[in-house]
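Visitor: Handing you this structure, nothing more for now.
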Amino acid sequence: GLSCRWNPIEARHGEIVSIIAIPGASRDLRGFQFLASDIIALAGRQERDGHPVPVNGPDYSLLPAGLDIEARATAPAGRRWLTKLWVMFLMTLTAVTDRYGWTIGSFDPKIYKRDVASNSDFRKFDDGLKMTIDVDADVLQRIEDRLKQAEEAGICNYGLHRQKSALMTCLVASPLQRDHLHFIDGAAGGYAVAAASLKAKVPV
């Protein structure tokens with residue numbers, strides 16, 4: 001199911017930046033494709049192309065930041081405390097086994113964390129470019145300069161929001177399967193704030 005059992009992921013390089021860019025008034029789709037390629041290439045100067053999650057995955061949390069949200073989503077009001085206790089027990093058990101390199105049956109917490117890192121969706125390109133990345137000040141400045149240049153040329157409109165950490169929401173059918181999905185957003189508004197900034201620029 002949908003859950004969030006990880007604490008916010010702190011920026012390792014400088015700031016977590018949520019970006020939304022869409023084609024601008026010129027409708028120059030080729031120019032927009034070049035822009036998207038440039039932004040991705042600039043982010044690629046950072047470790048893991050700016051991916052906010054370390055290659056070995058995030059750290060397990062004994063008291064997940066999303067514990068209340070998960071309890072409200074999965075249990076009736078009178079039984080939420082049981083859900084919280086169960087999640088805390090599972091996370092404690094997982095953290096201990098990870099710390100000592102143990103496994104729980106066929107579940108290996110270290111492999112699971114690496115899968116989390118590789119299965120995390122931090123960048124997508126459909127009607128536009130949407131990404132949450134961990135970048136240093138120099139790379140961020142270059143990205144902003146490129147976006148501003150493209151916006152002034154009518155190639156794109158964009159919204160950008162900076163924050164100190166990222167959040168992960170997880171879609172996990174079973175921790176024993178390796179096809180679980182994880183969605184990355186900024187922890188202090190992220191895409192929502194970037195979208196509001198973008199909306200202010202684009203006539204409705």
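Going through the structure tokens in order, the chains are called A, B, and so on, while each chain numbers its residues from 1 and the ligands are numbered from 1 in the order shown.
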So that I can check the surroundings of Thr92 of chain A, please list as a list in words every protein, DNA and RNA residue that reaches within 10 Å of it, counting only C-alpha atoms and ignoring chain neighbours fewer than 4 positions away.
Guide: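 Final neighbour list, sorted by chain and number: Tyr60, Ser61, Leu62, Leu63, Trp86, Val87, Met88, Val96, Thr97 and Asp98 of chain A.
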Visitor: Can those selected residues be exported to a file as a PDB file, in the first residue's frame so that it contains C-alpha atoms?
Guide:
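Resulting contents of out24.pdb:
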```pdb
ATOM      1  CA  TYR A  60      15.728   3.450   8.455  1.00  0.00           C
ATOM      2  CA  SER A  61      13.744   5.454  10.983  1.00  0.00           C
ATOM      3  CA  LEU A  62      12.455   4.071  14.268  1.00  0.00           C
ATOM      4  CA  LEU A  63       9.770   6.769  14.336  1.00  0.00           C
ATOM      5  CA  TRP A  86       3.116  -2.367  14.754  1.00  0.00           C
ATOM      6  CA  VAL A  87       4.918  -0.037  12.351  1.00  0.00           C
ATOM      7  CA  MET A  88       7.359   1.032  15.080  1.00  0.00           C
ATOM      8  CA  VAL A  96      18.523  -3.694  13.926  1.00  0.00           C
ATOM      9  CA  THR A  97      18.849  -6.327  11.201  1.00  0.00           C
ATOM     10  CA  ASP A  98      20.254  -3.697   8.839  1.00  0.00           C
TER      11      ASP A  98
END
```
Visitor: Using only C-alpha atoms, tabulate the residues of segment 31-115 of chain A lying at most 12 Å from any atom of segment 1-25 of chain A, each with its closest atom pair and that distance in Å to one decimal, by chain and increasing residue number, as CSV.
Guide:
```
residue,atom,partner,partner_atom,distance
A:Gly31,CA,A:Pro23,CA,8.8
A:Phe32,CA,A:Pro23,CA,6.1
A:Gln33,CA,A:Pro23,CA,9.1
A:Phe34,CA,A:Pro23,CA,11.3
A:Leu35,CA,A:Ala21,CA,9.5
A:Ala36,CA,A:Ala21,CA,8.4
A:Ile39,CA,A:Ile19,CA,10.1
A:Ile40,CA,A:Ile19,CA,11.3
A:Ala43,CA,A:Val17,CA,10.6
A:Arg45,CA,A:His13,CA,11.2
A:Gln46,CA,A:His13,CA,8.0
A:Glu47,CA,A:His13,CA,8.7
A:Arg48,CA,A:His13,CA,11.4
A:Asp49,CA,A:His13,CA,11.6
A:Gly50,CA,A:His13,CA,8.7
A:His51,CA,A:Ile16,CA,9.5
A:Pro52,CA,A:Ala11,CA,6.8
A:Val53,CA,A:Ile9,CA,7.1
A:Pro54,CA,A:Arg12,CA,8.8
A:Gly57,CA,A:Ile9,CA,10.0
A:Pro58,CA,A:Ile9,CA,7.1
A:Asp59,CA,A:Trp6,CA,7.3
A:Tyr60,CA,A:Trp6,CA,6.3
A:Ser61,CA,A:Trp6,CA,5.9
A:Leu62,CA,A:Arg5,CA,8.8
A:Leu63,CA,A:Arg5,CA,8.0
A:Pro64,CA,A:Arg5,CA,4.8
A:Ala65,CA,A:Asn7,CA,5.2
A:Gly66,CA,A:Cys4,CA,5.1
A:Leu67,CA,A:Arg5,CA,6.8
A:Asp68,CA,A:Cys4,CA,9.8
A:Ile69,CA,A:Ser3,CA,8.1
A:Glu70,CA,A:Ser3,CA,5.8
A:Ala71,CA,A:Ser3,CA,9.3
A:Arg72,CA,A:Ser3,CA,10.9
A:Ala73,CA,A:Leu2,CA,8.7
A:Thr74,CA,A:Gly1,CA,9.0
A:Lys84,CA,A:Arg5,CA,11.0
A:Val87,CA,A:Arg5,CA,8.4
A:Met88,CA,A:Arg5,CA,9.5
A:Leu90,CA,A:Arg5,CA,10.3
A:Met91,CA,A:Arg5,CA,8.1
A:Thr92,CA,A:Arg5,CA,11.5
A:Thr94,CA,A:Arg5,CA,11.5
A:Ala95,CA,A:Trp6,CA,11.6
A:Lys113,CA,A:Trp6,CA,10.7
```
Visitor: Residues of segment 2-82 of chain A in alpha helix (DSSP H) according to DSSP, as a list in words?
Guide: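 Restricting segment 2-82 of chain A to alpha helix (DSSP H) produces Leu29, Arg30, Gly31, Phe32, Gln33, Phe34, Leu35, Ala36, Ser37, Asp38, Ile39, Ile40, Ala41, Leu42, Ala43, Leu67, Asp68, Ile69, Glu70, Ala71, Arg72, Ala73, Thr74, Arg80, Trp81 and Leu82 of chain A.
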Visitor: Near Leu42 of chain A, within 9 Å and counting only C-alpha atoms, which residues show up once chain neighbours fewer than 6 positions away are dropped, as a list in words?
Guide: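 Close residues of Leu42 of chain A: Asp49, Val139, Leu140, Arg142 and Ile143 of chain A.
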Visitor: Looking only at the backbone, which of the residues in segment 97-186 of chain A does DSSP tag as strand (DSSP E), as a ChimeraX atom specification?
Guide: /A:120-121,123-125,129-135,156-163,165-171,181-186
Visitor: Quick one: everything within 9 Å of Val202 of chain A, counting only C-alpha atoms, minus sequence neighbours fewer than 3 positions away in the same chain. Send it as a PyMOL selection string.
Guide: chain A and resi 24+157+198-199
Visitor: Save out the residues we just selected, N, CA and C atoms, as a PDB file, in the first residue's frame.
Guide:
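Listed below is the output, out-v4.pdb:
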```pdb
ATOM      1  N   GLY A  24       6.761  27.011 -23.560  1.00  0.00           N
ATOM      2  CA  GLY A  24       6.311  28.392 -23.458  1.00  0.00           C
ATOM      3  C   GLY A  24       5.471  28.839 -24.641  1.00  0.00           C
ATOM      4  N   ASN A 157       7.987  28.065 -19.607  1.00  0.00           N
ATOM      5  CA  ASN A 157       7.621  28.711 -18.350  1.00  0.00           C
ATOM      6  C   ASN A 157       7.999  27.718 -17.261  1.00  0.00           C
ATOM      7  N   LEU A 198       4.681  28.627 -11.108  1.00  0.00           N
ATOM      8  CA  LEU A 198       4.460  28.483 -12.549  1.00  0.00           C
ATOM      9  C   LEU A 198       3.099  29.045 -12.950  1.00  0.00           C
ATOM     10  N   LYS A 199       2.082  28.735 -12.173  1.00  0.00           N
ATOM     11  CA  LYS A 199       0.721  29.177 -12.492  1.00  0.00           C
ATOM     12  C   LYS A 199       0.624  30.700 -12.511  1.00  0.00           C
TER      13      LYS A 199
END
```
Visitor: Which residues, written as a list in words, have at least one atom at most 10 Å from Gln177 of chain A, with only C-alpha atoms counted and residues fewer than 6 positions away on the same chain left out?
Guide: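 In the requested format, the answer is Phe107, Tyr112 and Asp115 of chain A.
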Visitor: For N, CA and C atoms, I'd like the residues from the last selection saved as a JSON list (two decimals), in the first residue's frame.
Guide:
```
[["chain", "number", "residue", "atom", "x", "y", "z"],
["A", 107, "PHE", "N", 13.96, -11.59, 3.45],
["A", 107, "PHE", "CA", 14.06, -10.13, 3.38],
["A", 107, "PHE", "C", 15.43, -9.67, 3.85],
["A", 112, "TYR", "N", 16.94, -4.13, 0.16],
["A", 112, "TYR", "CA", 15.71, -3.34, 0.05],
["A", 112, "TYR", "C", 16.04, -1.85, -0.06],
["A", 115, "ASP", "N", 17.29, -1.08, -3.45],
["A", 115, "ASP", "CA", 16.16, -1.09, -4.39],
["A", 115, "ASP", "C", 15.34, 0.20, -4.27]]
```
Visitor: If you measure from atom CA of Ala117 of chain A to atom CA of Met131 of chain A, what distance in Å do you get, rounded to one decimal?
Guide: 15.4 Å
